[in-house]
Structure formats: C-alpha cells, structure tokens
$ cat my_file.pdb   # PDB, C-alpha atoms, pLDDT in the B column
ATOM      1  CA  MET A 168     -31.908  -0.979   8.978  1.00 52.00           C
ATOM      2  CA  PRO A 169     -30.901  -2.857   5.763  1.00 58.00           C
ATOM      3  CA  THR A 170     -30.404   0.491   4.018  1.00 59.00           C
ATOM      4  CA  LEU A 171     -28.014   1.643   6.747  1.00 58.00           C
ATOM      5  CA  LYS A 172     -26.096  -1.638   6.567  1.00 63.00           C
ATOM      6  CA  GLY A 173     -25.655  -1.194   2.803  1.00 68.00           C
ATOM      7  CA  PHE A 174     -24.521   2.400   3.295  1.00 75.00           C
ATOM      8  CA  ALA A 175     -21.919   1.322   5.869  1.00 87.00           C
ATOM      9  CA  THR A 176     -20.606  -1.427   3.565  1.00 89.00           C
ATOM     10  CA  THR A 177     -20.183   1.056   0.702  1.00 91.00           C
ATOM     11  CA  ARG A 178     -18.557   3.624   3.021  1.00 94.00           C
ATOM     12  CA  ARG A 179     -15.962   1.064   4.174  1.00 95.00           C
ATOM     13  CA  LEU A 180     -15.121   0.207   0.549  1.00 96.00           C
ATOM     14  CA  LYS A 181     -14.618   3.889  -0.287  1.00 96.00           C
ATOM     15  CA  ALA A 182     -12.565   4.474   2.873  1.00 96.00           C
ATOM     16  CA  SER A 183     -10.182   1.642   1.935  1.00 96.00           C
ATOM     17  CA  ALA A 184      -9.865   2.929  -1.642  1.00 97.00           C
ATOM     18  CA  TYR A 185      -9.025   6.440  -0.459  1.00 96.00           C
ATOM     19  CA  THR A 186      -6.532   5.110   2.103  1.00 95.00           C
ATOM     20  CA  ILE A 187      -4.698   3.330  -0.710  1.00 97.00           C
ATOM     21  CA  ARG A 188      -4.880   6.433  -2.909  1.00 97.00           C
ATOM     22  CA  ASN A 189      -3.416   8.571  -0.139  1.00 96.00           C
ATOM     23  CA  LEU A 190      -0.609   6.080   0.516  1.00 96.00           C
ATOM     24  CA  LEU A 191       0.251   5.865  -3.204  1.00 97.00           C
ATOM     25  CA  THR A 192       0.225   9.660  -3.524  1.00 96.00           C
ATOM     26  CA  PHE A 193       2.427   9.981  -0.439  1.00 95.00           C
ATOM     27  CA  ALA A 194       4.884   7.415  -1.892  1.00 95.00           C
ATOM     28  CA  ARG A 195       5.071   9.462  -5.109  1.00 96.00           C
ATOM     29  CA  ASP A 196       5.677  12.682  -3.161  1.00 95.00           C
ATOM     30  CA  MET A 197       8.341  11.041  -0.983  1.00 94.00           C
ATOM     31  CA  ALA A 198      10.143   9.640  -4.032  1.00 94.00           C
ATOM     32  CA  ILE A 199      10.343  13.135  -5.527  1.00 95.00           C
ATOM     33  CA  THR A 200      11.334  14.836  -2.245  1.00 93.00           C
ATOM     34  CA  ASP A 201      13.910  12.268  -1.075  1.00 92.00           C
ATOM     35  CA  ARG A 202      15.216  11.509  -4.598  1.00 94.00           C
ATOM     36  CA  THR A 203      14.817   7.809  -3.742  1.00 93.00           C
ATOM     37  CA  THR A 204      12.424   5.242  -5.146  1.00 94.00           C
ATOM     38  CA  HIS A 205       9.502   4.548  -2.809  1.00 94.00           C
ATOM     39  CA  LEU A 206       7.063   1.674  -3.042  1.00 92.00           C
ATOM     40  CA  VAL A 207       3.690   0.653  -1.730  1.00 94.00           C
ATOM     41  CA  VAL A 208       3.701  -3.047  -0.905  1.00 92.00           C
ATOM     42  CA  PHE A 209       0.451  -5.038  -0.967  1.00 94.00           C
ATOM     43  CA  ASP A 210       0.011  -8.238   1.038  1.00 93.00           C
ATOM     44  CA  ILE A 211      -3.084  -9.428  -0.812  1.00 95.00           C
ATOM     45  CA  ASP A 212      -3.687 -12.530   1.325  1.00 94.00           C
ATOM     46  CA  ASN A 213      -3.716 -10.549   4.574  1.00 92.00           C
ATOM     47  CA  GLU A 214      -5.602  -7.512   3.189  1.00 94.00           C
ATOM     48  CA  ARG A 215      -2.965  -4.881   4.010  1.00 92.00           C
ATOM     49  CA  CYS A 216      -0.496  -2.477   2.417  1.00 94.00           C
ATOM     50  CA  TRP A 217       2.389  -0.278   3.566  1.00 92.00           C
ATOM     51  CA  LEU A 218       5.012   2.228   2.442  1.00 92.00           C
ATOM     52  CA  ALA A 219       8.578   1.052   1.782  1.00 91.00           C
ATOM     53  CA  SER A 220      11.764   2.782   0.663  1.00 88.00           C
ATOM     54  CA  SER A 221      14.101   1.298  -1.948  1.00 88.00           C
ATOM     55  CA  GLU A 222      16.836   1.543   0.690  1.00 83.00           C
ATOM     56  CA  THR A 223      15.100  -1.045   2.891  1.00 79.00           C
ATOM     57  CA  PHE A 224      13.095  -3.011   0.288  1.00 85.00           C
ATOM     58  CA  ASN A 225      14.262  -6.397  -0.956  1.00 83.00           C
ATOM     59  CA  PRO A 226      12.280  -7.591  -4.029  1.00 81.00           C
ATOM     60  CA  SER A 227      13.134 -11.253  -3.365  1.00 82.00           C
ATOM     61  CA  THR A 228      11.553 -11.084   0.116  1.00 83.00           C
ATOM     62  CA  PRO A 229       9.144  -8.133  -0.037  1.00 80.00           C
ATOM     63  CA  LEU A 230       7.076  -9.174   2.977  1.00 77.00           C
ATOM     64  CA  ALA A 231      10.008  -9.575   5.354  1.00 68.00           C
ATOM     65  CA  SER A 232      11.991  -6.566   4.166  1.00 52.00           C
ATOM     66  CA  ALA A 233       9.077  -4.138   4.358  1.00 54.00           C
ATOM     67  CA  LEU A 234       7.845  -5.210   7.787  1.00 58.00           C
ATOM     68  CA  THR A 235      11.295  -5.280   9.392  1.00 49.00           C
ATOM     69  CA  ALA A 236      12.592  -2.002   7.940  1.00 43.00           C
ATOM     70  CA  ARG A 237      11.738   0.059  11.019  1.00 44.00           C
ATOM     71  CA  ASN A 238      12.968  -2.580  13.471  1.00 46.00           C
ATOM     72  CA  SER A 239      16.366  -2.923  11.783  1.00 42.00           C
ATOM     73  CA  THR A 240      16.860   0.868  11.741  1.00 40.00           C
ATOM     74  CA  VAL A 241      15.956   1.155  15.418  1.00 39.00           C
ATOM     75  CA  GLY A 242      18.097  -1.846  16.357  1.00 37.00           C
ATOM     76  CA  THR A 243      21.168  -0.514  14.525  1.00 34.00           C
ATOM     77  CA  ALA A 244      20.874   2.907  16.154  1.00 35.00           C
ATOM     78  CA  THR A 245      20.481   1.350  19.596  1.00 34.00           C
ATOM     79  CA  GLN A 246      23.392  -1.023  19.067  1.00 36.00           C
ATOM     80  CA  ASN A 247      25.687   1.785  17.872  1.00 36.00           C
ATOM     81  CA  ASN A 248      24.780   3.935  20.890  1.00 36.00           C
ATOM     82  CA  THR A 249      25.345   1.032  23.319  1.00 36.00           C
ATOM     83  CA  ASN A 250      28.788   0.316  21.847  1.00 38.00           C
ATOM     84  CA  ALA A 251      29.776   3.949  22.291  1.00 38.00           C
ATOM     85  CA  ASN A 252      28.638   4.095  25.921  1.00 38.00           C
ATOM     86  CA  PRO A 253      27.816   0.735  27.551  1.00 37.00           C
ATOM     87  CA  GLN A 254      26.445   2.460  30.674  1.00 40.00           C
ATOM     88  CA  ALA A 255      23.926   4.553  28.730  1.00 37.00           C
ATOM     89  CA  THR A 256      20.286   3.636  28.729  1.00 37.00           C
ATOM     90  CA  THR A 257      18.839   3.979  25.291  1.00 36.00           C
ATOM     91  CA  ASN A 258      15.423   4.831  24.019  1.00 35.00           C
ATOM     92  CA  PRO A 259      15.072   3.247  20.534  1.00 35.00           C
ATOM     93  CA  VAL A 260      12.361   5.684  19.475  1.00 35.00           C
ATOM     94  CA  GLN A 261      14.637   8.668  20.115  1.00 34.00           C
ATOM     95  CA  GLN A 262      17.556   7.020  18.276  1.00 35.00           C
ATOM     96  CA  GLU A 263      15.614   6.453  15.058  1.00 41.00           C
ATOM     97  CA  THR A 264      16.424   8.815  12.215  1.00 47.00           C
ATOM     98  CA  LEU A 265      13.410  11.044  11.848  1.00 48.00           C
ATOM     99  CA  GLY A 266      12.015  12.083   8.512  1.00 58.00           C
ATOM    100  CA  ARG A 267       8.678  12.743   6.885  1.00 65.00           C
ATOM    101  CA  ALA A 268       8.145   9.039   6.158  1.00 64.00           C
ATOM    102  CA  SER A 269       9.985   7.422   9.094  1.00 67.00           C
ATOM    103  CA  GLY A 270       6.820   7.125  11.162  1.00 71.00           C
ATOM    104  CA  ILE A 271       4.968   5.095   8.542  1.00 82.00           C
ATOM    105  CA  LEU A 272       7.654   3.057   6.733  1.00 85.00           C
ATOM    106  CA  GLY A 273       6.713  -0.591   7.060  1.00 83.00           C
ATOM    107  CA  VAL A 274       3.572   0.123   9.094  1.00 86.00           C
ATOM    108  CA  PRO A 275       0.689  -1.939   7.627  1.00 88.00           C
ATOM    109  CA  TYR A 276      -2.669  -0.379   6.806  1.00 91.00           C
ATOM    110  CA  LEU A 277      -5.461  -2.936   7.010  1.00 92.00           C
ATOM    111  CA  MET A 278      -8.459  -2.821   4.713  1.00 94.00           C
ATOM    112  CA  GLU A 279     -11.760  -1.922   6.362  1.00 94.00           C
ATOM    113  CA  GLN A 280     -13.955  -4.750   7.661  1.00 93.00           C
ATOM    114  CA  GLY A 281     -15.624  -6.633   4.790  1.00 94.00           C
ATOM    115  CA  VAL A 282     -13.271  -5.191   2.142  1.00 96.00           C
ATOM    116  CA  THR A 283     -10.809  -7.397   0.267  1.00 95.00           C
ATOM    117  CA  LEU A 284      -7.910  -6.694  -2.057  1.00 95.00           C
ATOM    118  CA  ALA A 285      -9.469  -8.548  -4.986  1.00 94.00           C
ATOM    119  CA  ALA A 286      -6.553  -8.149  -7.423  1.00 93.00           C
ATOM    120  CA  LEU A 287      -3.560  -6.012  -8.323  1.00 95.00           C
ATOM    121  CA  THR A 288      -2.426  -5.587 -11.918  1.00 94.00           C
ATOM    122  CA  THR A 289       1.019  -4.109 -12.547  1.00 93.00           C
ATOM    123  CA  ASN A 290       3.297  -3.631 -15.508  1.00 89.00           C
ATOM    124  CA  HIS A 291       6.806  -4.537 -14.318  1.00 82.00           C
ATOM    125  CA  ASN A 292       9.431  -4.106 -17.047  1.00 81.00           C
ATOM    126  CA  GLY A 293       6.842  -4.105 -19.827  1.00 84.00           C
ATOM    127  CA  ARG A 294       5.213  -7.319 -18.614  1.00 90.00           C
ATOM    128  CA  THR A 295       1.658  -7.139 -17.264  1.00 92.00           C
ATOM    129  CA  VAL A 296       1.180  -9.212 -14.127  1.00 91.00           C
ATOM    130  CA  GLN A 297      -2.112  -9.808 -12.295  1.00 91.00           C
ATOM    131  CA  ASN A 298      -1.819 -10.846  -8.672  1.00 92.00           C
ATOM    132  CA  ASP A 299      -4.814 -12.363  -6.890  1.00 92.00           C
ATOM    133  CA  SER A 300      -2.728 -13.546  -3.941  1.00 92.00           C
ATOM    134  CA  GLY A 301       0.709 -13.177  -2.426  1.00 92.00           C
ATOM    135  CA  VAL A 302       2.710  -9.955  -2.248  1.00 91.00           C
ATOM    136  CA  ALA A 303       3.002  -7.310  -4.964  1.00 92.00           C
ATOM    137  CA  TYR A 304       4.192  -3.724  -5.104  1.00 92.00           C
ATOM    138  CA  ILE A 305       3.872  -0.450  -6.994  1.00 95.00           C
ATOM    139  CA  TYR A 306       6.962   1.750  -7.199  1.00 93.00           C
ATOM    140  CA  PHE A 307       7.422   5.484  -7.713  1.00 95.00           C
ATOM    141  CA  SER A 308      10.714   6.841  -9.048  1.00 95.00           C
ATOM    142  CA  PRO A 309      12.331  10.183  -8.120  1.00 95.00           C
ATOM    143  CA  ASN A 310      11.277  11.716 -11.464  1.00 95.00           C
ATOM    144  CA  ALA A 311       7.554  11.267 -10.571  1.00 90.00           C
ATOM    145  CA  THR A 312       7.005   8.320 -12.897  1.00 93.00           C
ATOM    146  CA  SER A 313       5.627   4.963 -11.901  1.00 94.00           C
ATOM    147  CA  GLU A 314       4.227   1.980 -13.713  1.00 90.00           C
ATOM    148  CA  GLU A 315       0.726   1.363 -14.976  1.00 94.00           C
ATOM    149  CA  ALA A 316      -1.079  -0.286 -12.081  1.00 96.00           C
ATOM    150  CA  LEU A 317      -4.610  -1.097 -10.982  1.00 96.00           C
ATOM    151  CA  VAL A 318      -5.717  -2.126  -7.511  1.00 97.00           C
ATOM    152  CA  TYR A 319      -9.193  -3.664  -7.232  1.00 96.00           C
ATOM    153  CA  LEU A 320     -11.064  -3.611  -3.930  1.00 96.00           C
ATOM    154  CA  GLN A 321     -14.301  -5.519  -3.361  1.00 95.00           C
ATOM    155  CA  ASN A 322     -16.842  -5.529  -0.536  1.00 94.00           C
ATOM    156  CA  THR A 323     -19.375  -8.109   0.623  1.00 91.00           C
ATOM    157  CA  ARG A 324     -22.061  -6.595  -1.649  1.00 90.00           C
ATOM    158  CA  HIS A 325     -19.830  -7.304  -4.694  1.00 89.00           C
ATOM    159  CA  GLN A 326     -19.187  -3.610  -5.267  1.00 93.00           C
ATOM    160  CA  VAL A 327     -15.734  -2.956  -6.705  1.00 95.00           C
ATOM    161  CA  MET A 328     -13.579   0.160  -6.686  1.00 96.00           C
ATOM    162  CA  SER A 329     -10.381   0.591  -8.647  1.00 96.00           C
ATOM    163  CA  VAL A 330      -7.348   2.643  -7.717  1.00 97.00           C
ATOM    164  CA  SER A 331      -5.242   3.277 -10.821  1.00 97.00           C
ATOM    165  CA  VAL A 332      -1.748   4.696 -11.230  1.00 97.00           C
ATOM    166  CA  GLU A 333      -0.656   6.395 -14.460  1.00 95.00           C
ATOM    167  CA  ALA A 334       2.889   5.535 -15.528  1.00 94.00           C
ATOM    168  CA  ALA A 335       3.994   8.873 -16.993  1.00 93.00           C
ATOM    169  CA  SER A 336       2.876  11.109 -14.134  1.00 93.00           C
ATOM    170  CA  GLY A 337       2.350   8.789 -11.164  1.00 93.00           C
ATOM    171  CA  ARG A 338      -1.131  10.277 -10.814  1.00 95.00           C
ATOM    172  CA  VAL A 339      -3.558   8.176  -8.761  1.00 96.00           C
ATOM    173  CA  ILE A 340      -7.273   7.927  -9.622  1.00 97.00           C
ATOM    174  CA  VAL A 341     -10.075   6.236  -7.640  1.00 97.00           C
ATOM    175  CA  ARG A 342     -13.379   5.177  -9.179  1.00 96.00           C
ATOM    176  CA  GLN A 343     -16.243   2.803  -8.512  1.00 94.00           C
ATOM    177  CA  LEU A 344     -16.805   0.213 -11.225  1.00 93.00           C
ATOM    178  CA  ALA A 345     -20.182  -0.462 -12.787  1.00 91.00           C
ATOM    179  CA  ALA A 346     -21.669  -3.967 -12.478  1.00 87.00           C
ATOM    180  CA  GLU A 347     -20.837  -4.716 -16.148  1.00 88.00           C
ATOM    181  CA  GLU A 348     -17.170  -3.867 -15.575  1.00 88.00           C
ATOM    182  CA  VAL A 349     -17.069  -6.105 -12.490  1.00 86.00           C
ATOM    183  CA  GLN A 350     -18.450  -9.050 -14.480  1.00 85.00           C
ATOM    184  CA  THR A 351     -15.977  -8.407 -17.317  1.00 86.00           C
ATOM    185  CA  LEU A 352     -13.107  -8.551 -14.832  1.00 82.00           C
ATOM    186  CA  GLY A 353     -14.431 -11.785 -13.335  1.00 80.00           C
ATOM    187  CA  LEU A 354     -14.241 -10.367  -9.807  1.00 72.00           C
ATOM    188  CA  GLU A 355     -17.849 -11.077  -8.818  1.00 58.00           C
ATOM    189  CA  VAL A 356     -17.199 -13.963  -6.465  1.00 42.00           C
ATOM    190  CA  SER A 357     -18.572 -14.724  -3.050  1.00 38.00           C
ATOM    191  CA  VAL A 358     -16.688 -12.769  -0.386  1.00 40.00           C
ATOM    192  CA  ASN A 359     -16.829 -13.976   3.234  1.00 38.00           C
TER
END

$ encode --input "my_file.pdb" --output "structure tokens"
Amino acid sequence: MPTLKGFATTRRLKASAYTIRNLLTFARDMAITDRTTHLVVFDIDNERCWLASSETFNPSTPLASALTARNSTVGTATQNNTNANPQATTNPVQQETLGRASGILGVPYLMEQGVTLAALTTNHNGRTVQNDSGVAYIYFSPNATSEEALVYLQNTRHQVMSVSVEAASGRVIVRQLAAEEVQTLGLEVSVN
C-alpha cells in the first residue's frame, strides 16, 4: 500500500507539470495563430493557472482581469443584443465570440491534490524575478518568442518538477529535478 501511495503522489506531480506544459504550448500556438500576445497567468497562492489574451489582460490587476475576461465578453454581447431588441431573450453562451481559445480564456486549472506551485522565476525586461507567492505570468509574443521562465512544482514527498520556457523559441520543457538540485534551490520545505 505505501508503494501505491508514493506512485500516486508522483503521478499527480507529473500530471500537473504536463498540464502546465500543455497550457504554455497552447498559449504559444495561439499567439502565433492570432497574431496577439497570449499569457499564462499563475496564482501561486491558490495553486492555479489559466490562459489570458493581451486584449483582456491588465498587468496592474492580473488576477481580476484574467478571471473576468470571459464574463465581460459575454456581458457586452448580451447587453448589445438586448439594446437592439428589448423583447429578445438572450443566451449569453451563444452570443460569445467563438474561437479556438474562447472556451478556456480565464478558466483556472487547479494543481492536482498534494501538488503546490513552489516558485516561478521569470525574466521580465531583462530583470530576473522569483515569485514564491502572489500572481505572476509568462507571455508569448506573435513571433513565437517568450521570456526565460521556470515553474517549479513540488509534491508532499518533496519531489520537484520544473517546467521551463526558452526565450528565443518559446519551447517548453518538463523535467524532474534530482534531490541535489532541489536542495540547491532551497525548495525542500514541509508541504501540507
């Protein structure tokens, strides 16, 4: 039984890492396709992340702008339709502009049970910033570039996986860190 519990803990860590990788890769692809900067926003304190577009993202209030992006789009479409025909009954879902990313913009992805966003290191405007709490983001520009970034995930067994983003290509790489690397980073802390 203890062996199975350890296997499940490791599987959840890997699942969270690959969810983040897929979301980052999708943001890169959407930036190229839509010719608009896309971001992945990380709410480190609440262990979640989501896709945002530069058209709806406000860097001064990243939490509010990312989570309300879909609601404001739906509300505007409904309001415009109601003004045109006050007798019409509207269905906000049908009024929303559909696109490849419209179904997931602003929708949070929670980390698996027992997995925490331990830290996020980014390089905004040539300045390296490590975030252990709060809200941070990784952007992807329309020319497929990004910024150097590292997301560290940790489970209850103190295993750590990193999800890295290369600046020049926007390529995303996932790997599990060795115990020595975890100690060097100072991430080996008790996780509840």

$ resolve_selection --input "my_file.pdb" --expression "the PyMOL selection byres ((chain A and resi 297-308) around 9)" --output "VMD selection string"
chain A and resid 191 194 to 199 202 to 213 216 221 229 to 230 284 to 291 295 to 296 309 to 316 332 337

$ atom_distance --input "my_file.pdb" --atom1 "atom CA of Glu214 of chain A" --atom2 "atom CA of Thr192 of chain A"
19.3 Å

$ atom_distance --input "my_file.pdb" --atom1 "atom CA of Ala184 of chain A" --atom2 "atom CA of Val330 of chain A"
6.6 Å

$ residues_around --input "my_file.pdb" --residues "Ser329 of chain A" --least-positions-apart "5" --cutoff "9 Å" --atoms "all atoms listed in the file" --output "PyMOL selection string"
chain A and resi 184+317-321+340-344

$ closest_residue --input "my_file.pdb" --among "A:Val282, A:Ala346, A:Asp201, A:Gly270" --to "Arg215 of chain A" --atoms "all atoms listed in the file"
A:Val282

$ atom_distance --input "my_file.pdb" --atom1 "atom CA of Thr351 of chain A" --atom2 "atom CA of Arg294 of chain A"
21.3 Å

$ closest_residue --input "my_file.pdb" --among "A:His325, A:Thr283, A:Phe193, A:Arg179" --to "Ala219 of chain A" --atoms "only C-alpha atoms"
A:Phe193

$ residues_near_point --input "my_file.pdb" --point "(-10.7, 4.7, 3.4)" --cutoff "12 Å" --atoms "only C-alpha atoms" --output "JSON, numbers by chain"
{"A": [175, 176, 177, 178, 179, 180, 181, 182, 183, 184, 185, 186, 187, 188, 189, 190, 276, 277, 278, 279, 280, 282, 320, 328, 330, 341]}
